[in-house]
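What follows is the content of coords.pdb, which has PDB, C-alpha atoms, pLDDT in the B column:
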ATOM      1  CA  MET A   1      55.807 -64.483 156.326  1.00 52.00           C
ATOM      2  CA  PRO A   2      54.586 -66.408 153.494  1.00 54.00           C
ATOM      3  CA  CYS A   3      53.035 -69.707 154.263  1.00 55.00           C
ATOM      4  CA  VAL A   4      54.971 -72.522 152.778  1.00 56.00           C
ATOM      5  CA  VAL A   5      53.357 -75.852 152.813  1.00 55.00           C
ATOM      6  CA  PRO A   6      55.894 -78.519 152.907  1.00 55.00           C
ATOM      7  CA  SER A   7      55.349 -81.026 150.228  1.00 55.00           C
ATOM      8  CA  VAL A   8      54.354 -84.306 151.694  1.00 55.00           C
ATOM      9  CA  SER A   9      55.234 -87.222 149.679  1.00 56.00           C
ATOM     10  CA  ARG A  10      52.419 -89.668 149.604  1.00 58.00           C
ATOM     11  CA  PRO A  11      53.338 -93.288 149.353  1.00 58.00           C
ATOM     12  CA  GLN A  12      52.409 -94.568 145.983  1.00 60.00           C
ATOM     13  CA  LYS A  13      50.398 -97.722 145.830  1.00 60.00           C
ATOM     14  CA  HIS A  14      51.914-100.400 143.731  1.00 58.00           C
ATOM     15  CA  ILE A  15      49.375-101.707 141.273  1.00 57.00           C
ATOM     16  CA  PRO A  16      50.217-105.256 140.325  1.00 56.00           C
ATOM     17  CA  GLU A  17      50.482-106.015 136.673  1.00 55.00           C
ATOM     18  CA  ARG A  18      47.407-107.658 135.314  1.00 53.00           C
ATOM     19  CA  LYS A  19      48.067-111.010 133.776  1.00 54.00           C
ATOM     20  CA  MET A  20      45.713-112.581 131.339  1.00 54.00           C
ATOM     21  CA  ARG A  21      44.243-115.663 132.882  1.00 58.00           C
ATOM     22  CA  CYS A  22      43.703-118.633 130.660  1.00 60.00           C
ATOM     23  CA  GLY A  23      40.203-119.813 131.406  1.00 63.00           C
ATOM     24  CA  PRO A  24      38.358-122.821 130.077  1.00 67.00           C
ATOM     25  CA  LEU A  25      38.026-121.253 126.638  1.00 66.00           C
ATOM     26  CA  CYS A  26      41.784-120.778 126.303  1.00 59.00           C
ATOM     27  CA  ARG A  27      42.440-124.321 127.432  1.00 67.00           C
ATOM     28  CA  PHE A  28      39.881-125.641 124.980  1.00 63.00           C
ATOM     29  CA  LEU A  29      41.418-123.649 122.134  1.00 68.00           C
ATOM     30  CA  TRP A  30      44.852-124.895 123.117  1.00 65.00           C
ATOM     31  CA  LEU A  31      43.626-128.525 123.052  1.00 65.00           C
ATOM     32  CA  TRP A  32      41.595-128.123 119.858  1.00 63.00           C
ATOM     33  CA  PRO A  33      44.288-129.466 117.480  1.00 66.00           C
ATOM     34  CA  TYR A  34      44.562-132.624 119.578  1.00 61.00           C
ATOM     35  CA  LEU A  35      40.811-133.035 119.978  1.00 57.00           C
ATOM     36  CA  SER A  36      40.138-132.582 116.291  1.00 59.00           C
ATOM     37  CA  TYR A  37      42.631-135.327 115.465  1.00 56.00           C
ATOM     38  CA  VAL A  38      40.835-137.971 117.535  1.00 52.00           C
ATOM     39  CA  GLU A  39      39.053-140.404 115.262  1.00 59.00           C
ATOM     40  CA  ALA A  40      35.844-142.275 115.888  1.00 65.00           C
ATOM     41  CA  VAL A  41      36.082-145.988 116.515  1.00 67.00           C
ATOM     42  CA  PRO A  42      35.456-147.804 113.232  1.00 80.00           C
ATOM     43  CA  ILE A  43      32.223-149.766 113.237  1.00 80.00           C
ATOM     44  CA  TRP A  44      34.021-152.961 112.205  1.00 84.00           C
ATOM     45  CA  ARG A  45      35.953-152.755 115.477  1.00 90.00           C
ATOM     46  CA  VAL A  46      32.703-152.453 117.457  1.00 88.00           C
ATOM     47  CA  GLN A  47      31.342-155.463 115.566  1.00 90.00           C
ATOM     48  CA  ASP A  48      34.530-157.433 116.297  1.00 92.00           C
ATOM     49  CA  ASP A  49      34.303-156.506 119.991  1.00 93.00           C
ATOM     50  CA  THR A  50      30.679-157.630 119.995  1.00 93.00           C
ATOM     51  CA  LYS A  51      31.595-161.003 118.513  1.00 94.00           C
ATOM     52  CA  THR A  52      34.472-161.430 120.960  1.00 95.00           C
ATOM     53  CA  LEU A  53      32.219-160.666 123.929  1.00 95.00           C
ATOM     54  CA  ILE A  54      29.628-163.153 122.679  1.00 94.00           C
ATOM     55  CA  LYS A  55      32.320-165.840 122.422  1.00 96.00           C
ATOM     56  CA  THR A  56      33.509-164.974 125.931  1.00 95.00           C
ATOM     57  CA  ILE A  57      30.005-165.322 127.381  1.00 95.00           C
ATOM     58  CA  VAL A  58      29.481-168.648 125.583  1.00 94.00           C
ATOM     59  CA  THR A  59      32.786-169.884 127.035  1.00 93.00           C
ATOM     60  CA  ARG A  60      31.797-168.743 130.537  1.00 92.00           C
ATOM     61  CA  ILE A  61      28.530-170.645 130.267  1.00 92.00           C
ATOM     62  CA  SER A  62      30.368-173.749 129.031  1.00 90.00           C
ATOM     63  CA  ASP A  63      32.778-173.524 131.973  1.00 88.00           C
ATOM     64  CA  ILE A  64      29.969-173.836 134.514  1.00 84.00           C
ATOM     65  CA  SER A  65      30.220-177.453 135.620  1.00 65.00           C
ATOM     66  CA  HIS A  66      26.521-178.344 135.681  1.00 64.00           C
ATOM     67  CA  MET A  67      26.026-176.983 132.136  1.00 59.00           C
ATOM     68  CA  GLN A  68      28.002-179.742 130.419  1.00 53.00           C
ATOM     69  CA  SER A  69      25.126-182.089 129.627  1.00 53.00           C
ATOM     70  CA  VAL A  70      22.188-179.782 128.903  1.00 50.00           C
ATOM     71  CA  SER A  71      20.364-179.281 125.622  1.00 53.00           C
ATOM     72  CA  SER A  72      19.088-175.806 124.719  1.00 48.00           C
ATOM     73  CA  LYS A  73      15.944-177.456 123.300  1.00 54.00           C
ATOM     74  CA  GLN A  74      15.013-178.944 126.655  1.00 53.00           C
ATOM     75  CA  ARG A  75      11.384-178.251 127.654  1.00 55.00           C
ATOM     76  CA  VAL A  76      10.621-177.545 131.272  1.00 52.00           C
ATOM     77  CA  THR A  77       7.100-176.767 132.417  1.00 52.00           C
ATOM     78  CA  GLY A  78       6.744-173.230 133.747  1.00 52.00           C
ATOM     79  CA  LEU A  79       9.846-171.892 132.013  1.00 56.00           C
ATOM     80  CA  ASP A  80       8.185-170.940 128.735  1.00 54.00           C
ATOM     81  CA  PHE A  81       9.042-167.264 129.314  1.00 57.00           C
ATOM     82  CA  ILE A  82      12.723-168.027 128.698  1.00 64.00           C
ATOM     83  CA  PRO A  83      13.360-167.241 125.024  1.00 64.00           C
ATOM     84  CA  GLY A  84      14.336-170.088 122.738  1.00 64.00           C
ATOM     85  CA  LEU A  85      16.239-169.999 119.471  1.00 63.00           C
ATOM     86  CA  HIS A  86      15.370-167.547 116.696  1.00 64.00           C
ATOM     87  CA  PRO A  87      16.348-168.193 113.069  1.00 65.00           C
ATOM     88  CA  VAL A  88      16.551-164.498 112.051  1.00 64.00           C
ATOM     89  CA  LEU A  89      17.463-161.807 114.530  1.00 76.00           C
ATOM     90  CA  SER A  90      17.438-158.055 114.003  1.00 86.00           C
ATOM     91  CA  LEU A  91      19.458-155.806 116.297  1.00 88.00           C
ATOM     92  CA  SER A  92      16.308-154.795 118.192  1.00 88.00           C
ATOM     93  CA  LYS A  93      15.284-158.451 118.651  1.00 87.00           C
ATOM     94  CA  MET A  94      18.795-159.265 119.887  1.00 90.00           C
ATOM     95  CA  ASP A  95      18.598-156.430 122.411  1.00 90.00           C
ATOM     96  CA  GLN A  96      15.137-157.477 123.563  1.00 88.00           C
ATOM     97  CA  THR A  97      16.253-161.095 123.976  1.00 89.00           C
ATOM     98  CA  LEU A  98      19.341-160.067 125.944  1.00 92.00           C
ATOM     99  CA  ALA A  99      17.209-157.823 128.175  1.00 91.00           C
ATOM    100  CA  ILE A 100      15.012-160.812 129.055  1.00 87.00           C
ATOM    101  CA  TYR A 101      18.007-163.003 129.842  1.00 89.00           C
ATOM    102  CA  GLN A 102      19.631-160.242 131.858  1.00 91.00           C
ATOM    103  CA  GLN A 103      16.475-159.826 133.925  1.00 88.00           C
ATOM    104  CA  ILE A 104      16.255-163.578 134.509  1.00 86.00           C
ATOM    105  CA  LEU A 105      19.913-163.880 135.484  1.00 89.00           C
ATOM    106  CA  THR A 106      19.762-160.968 137.922  1.00 87.00           C
ATOM    107  CA  SER A 107      16.845-162.738 139.636  1.00 83.00           C
ATOM    108  CA  LEU A 108      18.921-165.867 140.224  1.00 83.00           C
ATOM    109  CA  PRO A 109      20.846-166.041 143.498  1.00 80.00           C
ATOM    110  CA  SER A 110      23.646-168.106 141.943  1.00 82.00           C
ATOM    111  CA  ARG A 111      27.148-166.626 141.895  1.00 85.00           C
ATOM    112  CA  ASN A 112      27.734-168.341 138.546  1.00 82.00           C
ATOM    113  CA  VAL A 113      25.632-165.803 136.689  1.00 89.00           C
ATOM    114  CA  ILE A 114      26.829-162.459 138.090  1.00 91.00           C
ATOM    115  CA  GLN A 115      29.642-161.962 135.560  1.00 93.00           C
ATOM    116  CA  ILE A 116      27.486-163.270 132.719  1.00 94.00           C
ATOM    117  CA  SER A 117      24.777-160.753 133.623  1.00 93.00           C
ATOM    118  CA  ASN A 118      27.355-157.937 133.613  1.00 93.00           C
ATOM    119  CA  ASP A 119      28.651-159.157 130.246  1.00 95.00           C
ATOM    120  CA  LEU A 120      25.095-159.071 128.866  1.00 95.00           C
ATOM    121  CA  GLU A 121      24.812-155.434 129.872  1.00 94.00           C
ATOM    122  CA  ASN A 122      28.060-154.644 128.046  1.00 94.00           C
ATOM    123  CA  LEU A 123      26.888-156.646 125.033  1.00 95.00           C
ATOM    124  CA  ARG A 124      23.661-154.660 124.924  1.00 94.00           C
ATOM    125  CA  ASP A 125      25.703-151.440 124.951  1.00 93.00           C
ATOM    126  CA  LEU A 126      27.713-152.695 121.967  1.00 93.00           C
ATOM    127  CA  LEU A 127      24.492-153.610 120.135  1.00 92.00           C
ATOM    128  CA  HIS A 128      23.230-150.071 120.752  1.00 91.00           C
ATOM    129  CA  LEU A 129      26.425-148.714 119.171  1.00 90.00           C
ATOM    130  CA  LEU A 130      25.959-150.978 116.158  1.00 90.00           C
ATOM    131  CA  ALA A 131      22.334-149.892 115.834  1.00 89.00           C
ATOM    132  CA  SER A 132      23.164-146.198 116.077  1.00 88.00           C
ATOM    133  CA  SER A 133      25.789-146.621 113.355  1.00 86.00           C
ATOM    134  CA  LYS A 134      22.981-147.828 111.110  1.00 85.00           C
ATOM    135  CA  SER A 135      20.759-144.904 112.182  1.00 86.00           C
ATOM    136  CA  CYS A 136      18.297-147.190 113.894  1.00 81.00           C
ATOM    137  CA  PRO A 137      18.257-146.431 117.611  1.00 73.00           C
ATOM    138  CA  LEU A 138      16.940-149.308 119.646  1.00 67.00           C
ATOM    139  CA  PRO A 139      13.892-148.707 121.814  1.00 69.00           C
ATOM    140  CA  GLN A 140      14.418-149.019 125.546  1.00 68.00           C
ATOM    141  CA  ALA A 141      13.757-152.571 126.654  1.00 59.00           C
ATOM    142  CA  ARG A 142      10.437-152.587 128.418  1.00 56.00           C
ATOM    143  CA  ALA A 143       9.763-154.279 131.717  1.00 50.00           C
ATOM    144  CA  LEU A 144       8.740-157.821 131.113  1.00 55.00           C
ATOM    145  CA  GLU A 145       5.315-158.770 132.382  1.00 54.00           C
ATOM    146  CA  THR A 146       6.011-162.454 131.890  1.00 51.00           C
ATOM    147  CA  LEU A 147       8.720-162.333 134.531  1.00 57.00           C
ATOM    148  CA  GLU A 148       6.324-161.289 137.287  1.00 56.00           C
ATOM    149  CA  SER A 149       5.773-164.952 138.069  1.00 54.00           C
ATOM    150  CA  LEU A 150       9.508-165.602 138.126  1.00 57.00           C
ATOM    151  CA  GLY A 151       9.607-165.532 141.933  1.00 57.00           C
ATOM    152  CA  GLY A 152       7.316-168.557 142.211  1.00 57.00           C
ATOM    153  CA  VAL A 153       9.230-170.470 139.564  1.00 56.00           C
ATOM    154  CA  LEU A 154      12.526-169.715 141.288  1.00 57.00           C
ATOM    155  CA  GLU A 155      11.240-171.064 144.599  1.00 58.00           C
ATOM    156  CA  ALA A 156       9.986-174.245 142.946  1.00 59.00           C
ATOM    157  CA  SER A 157      12.913-174.961 140.640  1.00 68.00           C
ATOM    158  CA  LEU A 158      15.915-172.722 141.136  1.00 65.00           C
ATOM    159  CA  TYR A 159      18.412-175.163 139.673  1.00 70.00           C
ATOM    160  CA  SER A 160      16.263-175.953 136.612  1.00 75.00           C
ATOM    161  CA  THR A 161      15.687-172.268 135.904  1.00 78.00           C
ATOM    162  CA  GLU A 162      19.409-171.545 135.960  1.00 84.00           C
ATOM    163  CA  VAL A 163      20.293-174.527 133.793  1.00 84.00           C
ATOM    164  CA  VAL A 164      17.579-173.882 131.204  1.00 83.00           C
ATOM    165  CA  ALA A 165      18.198-170.115 131.101  1.00 85.00           C
ATOM    166  CA  LEU A 166      21.960-170.497 130.626  1.00 90.00           C
ATOM    167  CA  SER A 167      21.544-173.251 128.078  1.00 88.00           C
ATOM    168  CA  ARG A 168      19.078-171.250 125.999  1.00 88.00           C
ATOM    169  CA  LEU A 169      21.168-168.111 126.379  1.00 91.00           C
ATOM    170  CA  GLN A 170      24.168-169.971 125.018  1.00 92.00           C
ATOM    171  CA  GLY A 171      22.156-171.076 121.973  1.00 89.00           C
ATOM    172  CA  ALA A 172      20.748-167.578 121.454  1.00 91.00           C
ATOM    173  CA  LEU A 173      24.245-166.076 121.621  1.00 94.00           C
ATOM    174  CA  GLN A 174      25.511-168.525 119.020  1.00 92.00           C
ATOM    175  CA  ASP A 175      22.593-167.493 116.778  1.00 90.00           C
ATOM    176  CA  MET A 176      23.497-163.838 117.329  1.00 92.00           C
ATOM    177  CA  LEU A 177      27.091-164.555 116.400  1.00 92.00           C
ATOM    178  CA  ARG A 178      25.959-166.049 113.083  1.00 90.00           C
ATOM    179  CA  GLN A 179      23.590-163.129 112.460  1.00 90.00           C
ATOM    180  CA  LEU A 180      26.322-160.548 113.081  1.00 89.00           C
ATOM    181  CA  ASP A 181      28.284-162.083 110.204  1.00 86.00           C
ATOM    182  CA  LEU A 182      25.267-161.366 107.969  1.00 85.00           C
ATOM    183  CA  SER A 183      25.063-157.709 109.070  1.00 81.00           C
ATOM    184  CA  PRO A 184      21.594-157.715 110.655  1.00 81.00           C
ATOM    185  CA  GLY A 185      19.077-154.975 110.113  1.00 82.00           C
ATOM    186  CA  CYS A 186      17.352-152.783 112.658  1.00 81.00           C
TER     187      CYS A 186
END

Kindly transcribe the structure held in the file into structure tokens.
Amino acid sequence: MPCVVPSVSRPQKHIPERKMRCGPLCRFLWLWPYLSYVEAVPIWRVQDDTKTLIKTIVTRISDISHMQSVSSKQRVTGLDFIPGLHPVLSLSKMDQTLAIYQQILTSLPSRNVIQISNDLENLRDLLHLLASSKSCPLPQARALETLESLGGVLEASLYSTEVVALSRLQGALQDMLRQLDLSPGC
């Protein structure tokens, strides 16, 4: 008898269809038309924002009750490290001056100066944008050696330091506002 092998039907494995997955490259290419349409912020808008922030800080200083009757030209012994008024300010000098004031204000325990200190940081960022638009990157503000003795001054005359610093800052900001209208150099 001949040997007949019954045919055994093997179950066929179902191979799922392969779908093309859209990875990061596909998503990027899909978004490219939208991304390429985004425009840079015009530099005049950055300058306007800078001026508006300066005016806001000046107003905040004016709103502090004990700042009403203080002159920015007031001389107090031991507070010579607080910058005074400058007739001509470049963007780098503005940044350096703001860095000094920011360091002084962060050393003061007063709650009056917390928002002003934060505003100074934002103002410095705007000045960096203005400087980069003129292809003159500002150097990083260096640590200030003159402020090492700030701790002793603060213990001796906390109130005077705050009043003089805020008063001089207000004058310096008003100078900066005038200089921004003249399109300052690097």

Coordinates-based distance that separates atom CA of A:Val163 from atom CA of A:Gln47 (Å, one decimal):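 Value for the atom CA of A:Gln47-atom CA of A:Val163 distance: 28.6 Å.
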
Check which residues satisfy the PyMOL selection byres ((chain A and resi 50) around 10) in the file shown, then give them as a VMD selection string. chain A and resid 44 to 49 51 to 56 122 to 127 129 to 130 176 to 177 180

Save the residues we just selected, C-alpha atoms, as a PDB file, in the coordinates of the input?
ATOM      1  CA  TRP A  44      34.021-152.961 112.205  1.00 84.00           C
ATOM      2  CA  ARG A  45      35.953-152.755 115.477  1.00 90.00           C
ATOM      3  CA  VAL A  46      32.703-152.453 117.457  1.00 88.00           C
ATOM      4  CA  GLN A  47      31.342-155.463 115.566  1.00 90.00           C
ATOM      5  CA  ASP A  48      34.530-157.433 116.297  1.00 92.00           C
ATOM      6  CA  ASP A  49      34.303-156.506 119.991  1.00 93.00           C
ATOM      7  CA  LYS A  51      31.595-161.003 118.513  1.00 94.00           C
ATOM      8  CA  THR A  52      34.472-161.430 120.960  1.00 95.00           C
ATOM      9  CA  LEU A  53      32.219-160.666 123.929  1.00 95.00           C
ATOM     10  CA  ILE A  54      29.628-163.153 122.679  1.00 94.00           C
ATOM     11  CA  LYS A  55      32.320-165.840 122.422  1.00 96.00           C
ATOM     12  CA  THR A  56      33.509-164.974 125.931  1.00 95.00           C
ATOM     13  CA  ASN A 122      28.060-154.644 128.046  1.00 94.00           C
ATOM     14  CA  LEU A 123      26.888-156.646 125.033  1.00 95.00           C
ATOM     15  CA  ARG A 124      23.661-154.660 124.924  1.00 94.00           C
ATOM     16  CA  ASP A 125      25.703-151.440 124.951  1.00 93.00           C
ATOM     17  CA  LEU A 126      27.713-152.695 121.967  1.00 93.00           C
ATOM     18  CA  LEU A 127      24.492-153.610 120.135  1.00 92.00           C
ATOM     19  CA  LEU A 129      26.425-148.714 119.171  1.00 90.00           C
ATOM     20  CA  LEU A 130      25.959-150.978 116.158  1.00 90.00           C
ATOM     21  CA  MET A 176      23.497-163.838 117.329  1.00 92.00           C
ATOM     22  CA  LEU A 177      27.091-164.555 116.400  1.00 92.00           C
ATOM     23  CA  LEU A 180      26.322-160.548 113.081  1.00 89.00           C
TER      24      LEU A 180
END

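If you measure from each of A:Ile43, A:Met94, A:Ser135, A:Gln102 to A:Gln115 using all atoms listed in the file, the closest one turns out to be A:Gln102.
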
Taking only C-alpha atoms into account, name the residue in A:Ser62, A:Ser90, A:Ser133, A:Thr161 that is nearest to A:Arg178. A:Ser90

What does the structure give for the distance between atom CA of A:Ala99 and atom CA of A:Leu182, in Å to one decimal? 22.0 Å

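Interatomic distance, atom CA of A:Leu166 against atom CA of A:Asp181: 23.0 Å.
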